[in-house]
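Reviewing the structure listed below.
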Amino acid sequence: MTTEGRKAIVKKCHGSGLSDVCHDASGEMMITCGNDGFVKVFPIKSIIEDEKCEPSTSISCGTKVASVAVSGNDLFVAADNYMVEKYAINEDFQLQSTVLRFTGDVTYMSVCNSWLAAGSSDFEIKVYNIETKKQKILLGHQAPILSAQVCPLDTFVVSVSCDGKAKIWMLDTQKCVETLDDIVAKSNDVCNSSSYCRLAWRPSTGEDFAIPGENGVKLFARDTWQQLFELRCEKETDVIFHCVTFSPCGRFLCAGSSTSKIICWDVETQQVMKSFNANGPAVCSIEWNPINDDQIAFTTMEGNIGFLCKIMDGNTEDENTDNKKSKMDELFDKSDDDIDDVMIDFPVTAVDDVTNNQDAPDAEVGQVRPSTQKKSRLLDDDMDSDDDLMMPPTPPPPSGGAMESGAVAADTTGNIEQQQRIAAEILEEEKPQEPFQPGATPATLPHRFMTYNGVGIVRCYNDDIDQAIDVDFHETSVHHSIHIPNTYGYTMASLSTQALVLATGEDNSDEDGISRVSCHNFTTFDNNKEWTVKLPKDEFATNITTEGEWIAVFTSLRYIRFFSLGGVQKEIICCPGDVITMTSFTDQLFIAYHAGRGHGNEHLMNYLLVNVDEGEIVRKDHLALSPSTNLEWAGYSTEGSLFTQDSDGIVRMLNRKFMWKTVAHTMDMVPSSGDFLFIIGVHGDQLRAILCRGSTFPPTLPKPIQQMEKMKLPYLEMKTDKGKFEEEYWRKSLLLANQNYLQESGYDIDENAMNKMKTELRQKLMMMFAHACQNDKDTQALDIARMIPDVSTLNLAVKYASRTRKMALAEKISEIAAEKMRSEERLQEEEDDVIEDISRSESQESSQHYRIRPSARLSRNSQDFISATPDDLQLDETAPSGGGVVGGKRRSFNPFKKSSRNKTSSVTTHEESPSGGDATPSGDSNKTVLDSIQRSGFEAKKSDKKSATSVTPTANQQNSSKTAAKPGKTQRSLMNLFKKTPTSANGKSAVNGKSAVNGNDKKTYNKQETAKHRAIALKKFIRKNLPEVSEEFPENDEAENKKILIQKFRKLQPQIKQRLMEEAAATSSGSENSATKRAANCDASDVSEPASKEQKLFTEDD
């Protein structure tokens, strides 16, 4: 039975991923590295005394460090810039030089004597002589290198690769002398390998070497290169070992496994000595202290570092079992002052194992109280307490009696403090995501991208050699390259075709704690191309962006400060939370910010969409993210669509209805799970990105290569034709909807490209329809037919269904086509009516005005006015270019002159139809000329728009004959004929107390009102945009341009169209109120007022 050793001291140190550990030459320091880009140094004595100790030294070496190794006073670090760098330990870990360079990431390093062996993802192994500074290159593997190590005799090198093979190289000749197959399963990258195969030579003699693998560790003999035996653990089955290490004496071997177990063997007897629990995920690196054989250091895949002490106490498995009781008795024989030393030396069994092992000798001695068991289980679930890791099980009170009250109180106090600490760890929340610039790499790198977008690249160099900023443009015709000294330590940059904006944050502010914002204006016409502003003290820039003619700076006070390119300060608005990132396009500003504290690993993020030109917030809503992820990138496409990418590689698009749509999963586009697509822009349905191998961002050197990846919506059944058709159709529909919106918003869009896209969509629909018919899925085919936008394509679907003998389907599609045709006819009729109304109103506005001669006077009992005929009321016909003059002379008529024409003749208005035809007669024999006077404020509701030129008398006008028959009526009664019928708030007329709209006609009345408002909105839309369209299409006549505008009006977004109709309704209501007021003023006016006022009464409203 395997003896369970003490639990390891474990603490979080690095980011999740591959990590490494080594000791210095004195064995007093433990050096670790990980995926966070830091190398940390821990004094071993401090770890034993205080498990919460912080590292004595922390070195930032980039974004990730794959491996570390020590030789004497030199520390070698495998950084993420494809290089191996050397640091001086005795000089406060100062960077000395670069010793090796690769064309891929360095995956592993090891040091033996004066030789450093390093492997890379470019399949190369380089062996560097630390003394002579010469290197050797070993070529032969066909996949990334997992590990490589020089033998203690400096004659051979053993390496293992992802190609599944181990190779033995002669160091002098650099040739492979032996190849061992099937060492590990084949893979395409280190992170995808089933085992990391971190091998080890036996110290001093180098007589054999060990390679970890599946279910055990294999040992191979030197010279013969044959397998000697395999070390296994019967208790551990279905386990994969990742790393091995020999004790300094060479007798014992420890291996770290995928189950977080560390197994120790006696190599001579091939028996398991002990096993240890690493309290976490897989152990990926392990090393025995080269000086003290009782200490082991290891790291896990979660970035945890671990430490085991007093490993070899001279006990075998049987000896350890026999001495359990004697050790426990010895504990109570010692004095209180010696208890602490015993706690360190005492090799104990895990608390739960001792409690549950009833067959073990003196099991009751190790029995713990229920409260301790409960606490132990809680600690096992949430990473065991560091205090319990170093202590044996709590013994029972001596002589079986009750403990003293003081001991009970002390134990209770300790439990409370322990529980409070555990609760604090459980409730510890994830730190909010730090702000970042889109297209930027981490600011901790000495060489980094400040921004990388579709315009260009901004690089920052911040080392001992140079501190500068280089700007390179993708299009050299836009601007030449720029080199700027980074005197103030700028850390943020935003680049557009018109300006470069730089800023310093809180960590890079000047000596006075002042943050700066600098702008390099490319479009200025004077010599002042650069300006700089300083933010107030204790206010720092956290994010910047520029687009068009403005600059936005987000500060630590949650202000968004706007500047012009010339440096003029504009508005200052406030954001509800701390910024995450900002991006912009033309007049749009996107801001992602923290809306609150998330739960656990979840973030609570919102976004703001701001129209900078209008100064208004367009949208405020939640930001869509995958569970437990961060926002990695945000930006606009070249067409103006907003896209985001999270740390899981999900790319989303915000459509014009403010819904987030997933358009791509970039992790499916990379060759391995450790790779990442670094997006720099979007064009159409393609992502412009850089493939980062083993990292989330690219290095500055060599220059990254861009690649185009097509979006792929996450639809199901993508291996079938149905799934492929559906995905392609909806992807193109999403892009076409965005193109339509931009066209309606006034952007220049390629009409040919849009028409081509529409044709492709119709073709894709027909392919989907045909596929459904061929598979006898008529219901699906009908659903697809409902998606077809035009009648001509529906007719094709009817023909196809008929040819495939699906008559029922063809009949249903015919009904859909007929309904769509009727709808199109109604829309066309409506457009024609609107054009006719517009033409008629323009004709009336330009050529017809009702006027009363100044010499005319109204008498209170004037029969001449009452009995006037159509000939007495003449129209001033004004040509559009004549200004009211026909044939060079103004025509004058007396509207009150009596006519000899029969008064019973029908009244005819002298309006001309838009087509130049005769006017439409209306009225009856009893109506006077006053009944024929039409004004826009008095017109009755039209039941048919085609009869717009006909005159319909109002309720008061129908009774006008009775009014005219009574000579005693005053002028007030006459003027009442021109008043609009009073209408209550609910739409009912006040005439005779009857409703103008009865219940049966209420629905029709609402439709007529809506149609009226829509017509007015369309008229205004055409009048406003007609000059612009006429300039754009000078070859078209006015009618054709009006049709173009009508089509644009129909394609407007519902929100915009509704707003225009509401404005039209308000205008219409205002016109009617104005007409009522004018009529009231006319009643109150004197009969003998000057003719100019009377003329205003009869001026026709627009």
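Chain labels follow the order of the structure tokens: the first chain is A, the next B, and so on; residue numbering restarts at 1 in every chain, and ligands are counted from 1 in their shown order.
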
Hey, what does DSSP flag as strand (DSSP E or B) within stretch 616-741 of chain A? Can you give it to me as number ranges by chain?
-> A: 616-622, 631-636, 642-646, 650-654, 660-665, 676-683, 686-692, 706-710

Which residues come within 9 Å of A:Phe676, counting only C-alpha atoms, excluding same-chain residues fewer than 2 positions away, as an MDAnalysis selection string?
-> chainID A and resid 649 666:667 669:670 672:674 678 690:697

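The closest residue to A:Gln433, picked from A:Ser647, A:Thr523, A:Asn81, A:Ser161 and counting only C-alpha atoms, is A:Ser647.
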
A:Leu713, A:Leu794, A:Cys112, A:Leu171 ranked by distance to A:Gln149, top pick (using only C-alpha atoms) = A:Cys112

Tell me, in Å to one decimal, how far atom CA of A:Ile137 is from atom CA of A:Ser121.
-> 14.1 Å

List as a CSV table (one decimal) with C-alpha atoms, in the first residue's frame the protein and nucleic acid residues near A:Thr32, meaning an atom at most 10 Å away when only C-alpha atoms are counted, but skip any in the same chain fewer than 3 places from it.
```csv
chain,number,residue,atom,x,y,z
A,13,CYS,CA,1.6,32.7,-8.3
A,14,HIS,CA,1.2,32.8,-12.0
A,19,SER,CA,4.8,27.0,-15.9
A,20,ASP,CA,8.3,26.0,-14.8
A,21,VAL,CA,10.5,26.0,-11.6
A,22,CYS,CA,14.2,25.7,-10.8
A,23,HIS,CA,16.6,26.3,-7.9
A,29,MET,CA,16.0,30.2,-3.7
A,38,PHE,CA,6.8,37.2,-14.8
A,39,VAL,CA,9.8,35.4,-13.2
A,40,LYS,CA,9.5,35.3,-9.4
A,41,VAL,CA,12.1,34.5,-6.8
A,42,PHE,CA,11.2,33.0,-3.4
A,55,PRO,CA,8.5,36.9,-3.8
A,58,SER,CA,9.7,39.8,-9.6
A,65,VAL,CA,7.7,32.8,-19.9
A,67,SER,CA,10.9,28.0,-19.0
A,68,VAL,CA,13.7,29.1,-16.6
A,69,ALA,CA,17.1,27.6,-15.8
A,285,SER,CA,7.1,21.0,-13.7
A,297,ALA,CA,9.6,22.3,-5.8
A,298,PHE,CA,6.8,22.0,-8.4
A,299,THR,CA,4.3,24.0,-10.4
A,303,GLY,CA,0.0,28.7,-12.2
A,304,ASN,CA,0.3,27.5,-8.6
A,305,ILE,CA,3.7,26.8,-7.1
```

Test item: residues at most 12 Å from A:Tyr488, only C-alpha atoms, excluding those fewer than 6 positions along its chain, as a ChimeraX atom specification = /A:462,467-469,502-505,507-511,513-518,532,534

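Across the structure, atom CA of A:Val501 and atom CA of A:Met708 are spaced 27.8 Å apart.
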
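Near stretch 89-92 of chain A, within 8 Å and counting only C-alpha atoms, sit Asn73, Asp74 and Leu75 of chain A, not including residues fewer than 3 positions from it in the same chain.
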
N, CA and C atoms of the current selection, written as a JSON list (two decimals), in the first residue's frame:
```json
[["chain", "number", "residue", "atom", "x", "y", "z"],
["A", 73, "ASN", "N", 25.77, 31.85, -11.50],
["A", 73, "ASN", "CA", 25.19, 33.17, -11.23],
["A", 73, "ASN", "C", 24.30, 33.64, -12.36],
["A", 74, "ASP", "N", 24.06, 32.81, -13.35],
["A", 74, "ASP", "CA", 23.28, 33.22, -14.52],
["A", 74, "ASP", "C", 21.90, 32.59, -14.47],
["A", 75, "LEU", "N", 20.90, 33.42, -14.73],
["A", 75, "LEU", "CA", 19.51, 32.97, -14.85],
["A", 75, "LEU", "C", 19.10, 33.10, -16.31]]
```

Can you pull out every residue within 9 Å of stretch 133-135 of chain A, counting only C-alpha atoms, but drop anything in the same chain fewer than 6 positions away, and send it as a PyMOL selection string?
-> chain A and resi 99-100+126-127

Tell me, as an mmCIF file with C-alpha atoms, in the first residue's frame, which residues lie within 12 Å of stretch 764-777 of chain A, counting only C-alpha atoms; anything in the same chain fewer than 3 positions away does not count.
```cif
data_model
loop_
_atom_site.group_PDB
_atom_site.id
_atom_site.type_symbol
_atom_site.label_atom_id
_atom_site.label_comp_id
_atom_site.auth_asym_id
_atom_site.auth_seq_id
_atom_site.Cartn_x
_atom_site.Cartn_y
_atom_site.Cartn_z
ATOM 1 C CA THR A 720 -24.907 19.252 -44.697
ATOM 2 C CA ASP A 721 -26.005 21.345 -47.669
ATOM 3 C CA LYS A 722 -28.989 22.614 -45.717
ATOM 4 C CA GLY A 723 -26.827 24.013 -42.933
ATOM 5 C CA LYS A 724 -24.348 25.555 -45.379
ATOM 6 C CA PHE A 725 -27.114 27.253 -47.385
ATOM 7 C CA GLU A 726 -28.771 28.660 -44.274
ATOM 8 C CA GLU A 727 -25.523 29.967 -42.824
ATOM 9 C CA GLU A 728 -24.493 31.669 -46.056
ATOM 10 C CA TYR A 729 -27.932 33.181 -46.605
ATOM 11 C CA TRP A 730 -28.218 34.732 -43.143
ATOM 12 C CA ARG A 731 -24.626 35.920 -43.177
ATOM 13 C CA LYS A 732 -25.194 37.784 -46.441
ATOM 14 C CA SER A 733 -28.565 39.051 -45.212
ATOM 15 C CA MET A 757 -25.672 40.752 -53.227
ATOM 16 C CA LYS A 758 -29.453 40.828 -53.595
ATOM 17 C CA THR A 759 -29.214 38.533 -56.607
ATOM 18 C CA GLU A 760 -27.012 36.129 -54.653
ATOM 19 C CA LEU A 761 -29.550 36.091 -51.817
ATOM 20 C CA GLN A 780 -39.785 23.796 -45.112
ATOM 21 C CA ALA A 781 -40.138 24.767 -48.763
ATOM 22 C CA LEU A 782 -43.200 26.881 -47.925
ATOM 23 C CA ASP A 783 -41.332 28.566 -45.089
ATOM 24 C CA ILE A 784 -38.518 29.405 -47.481
ATOM 25 C CA ALA A 785 -41.012 30.736 -50.042
ATOM 26 C CA ARG A 786 -42.321 33.191 -47.452
ATOM 27 C CA MET A 787 -38.786 34.552 -47.169
ATOM 28 C CA ILE A 788 -38.608 35.353 -50.912
ATOM 29 C CA PRO A 789 -38.855 39.148 -51.282
ATOM 30 C CA ASP A 790 -40.112 39.600 -54.872
ATOM 31 C CA SER A 792 -40.610 37.177 -59.954
ATOM 32 C CA THR A 793 -38.622 34.797 -57.733
ATOM 33 C CA LEU A 794 -41.884 33.472 -56.286
ATOM 34 C CA ASN A 795 -43.034 32.671 -59.816
ATOM 35 C CA LEU A 796 -39.857 30.664 -60.303
ATOM 36 C CA ALA A 797 -40.631 28.778 -57.121
ATOM 37 C CA VAL A 798 -44.167 28.055 -58.401
ATOM 38 C CA LYS A 799 -42.766 26.693 -61.669
ATOM 39 C CA TYR A 800 -40.246 24.526 -59.839
ATOM 40 C CA ALA A 801 -42.894 23.129 -57.510
ATOM 41 C CA SER A 802 -45.154 22.388 -60.479
ATOM 42 C CA ARG A 803 -42.403 20.565 -62.339
ATOM 43 C CA THR A 804 -41.684 18.415 -59.307
ATOM 44 C CA ARG A 805 -45.436 17.564 -59.149
ATOM 45 C CA LYS A 806 -46.018 19.359 -55.865
ATOM 46 C CA MET A 807 -49.272 21.013 -56.854
ATOM 47 C CA LEU A 809 -47.183 23.573 -52.615
ATOM 48 C CA ALA A 810 -47.383 25.452 -55.917
ATOM 49 C CA ILE A 813 -46.924 29.769 -53.140
#
```

Calculate how many Å separate atom CA of A:Ile1046 from atom CA of A:Phe1033, rounding to one decimal.
-> 15.0 Å

Would you mind writing down, as a ChimeraX atom specification, each residue of stretch 630-731 of chain A that DSSP on the backbone assigns to alpha helix (DSSP H)?
-> /A:721-731
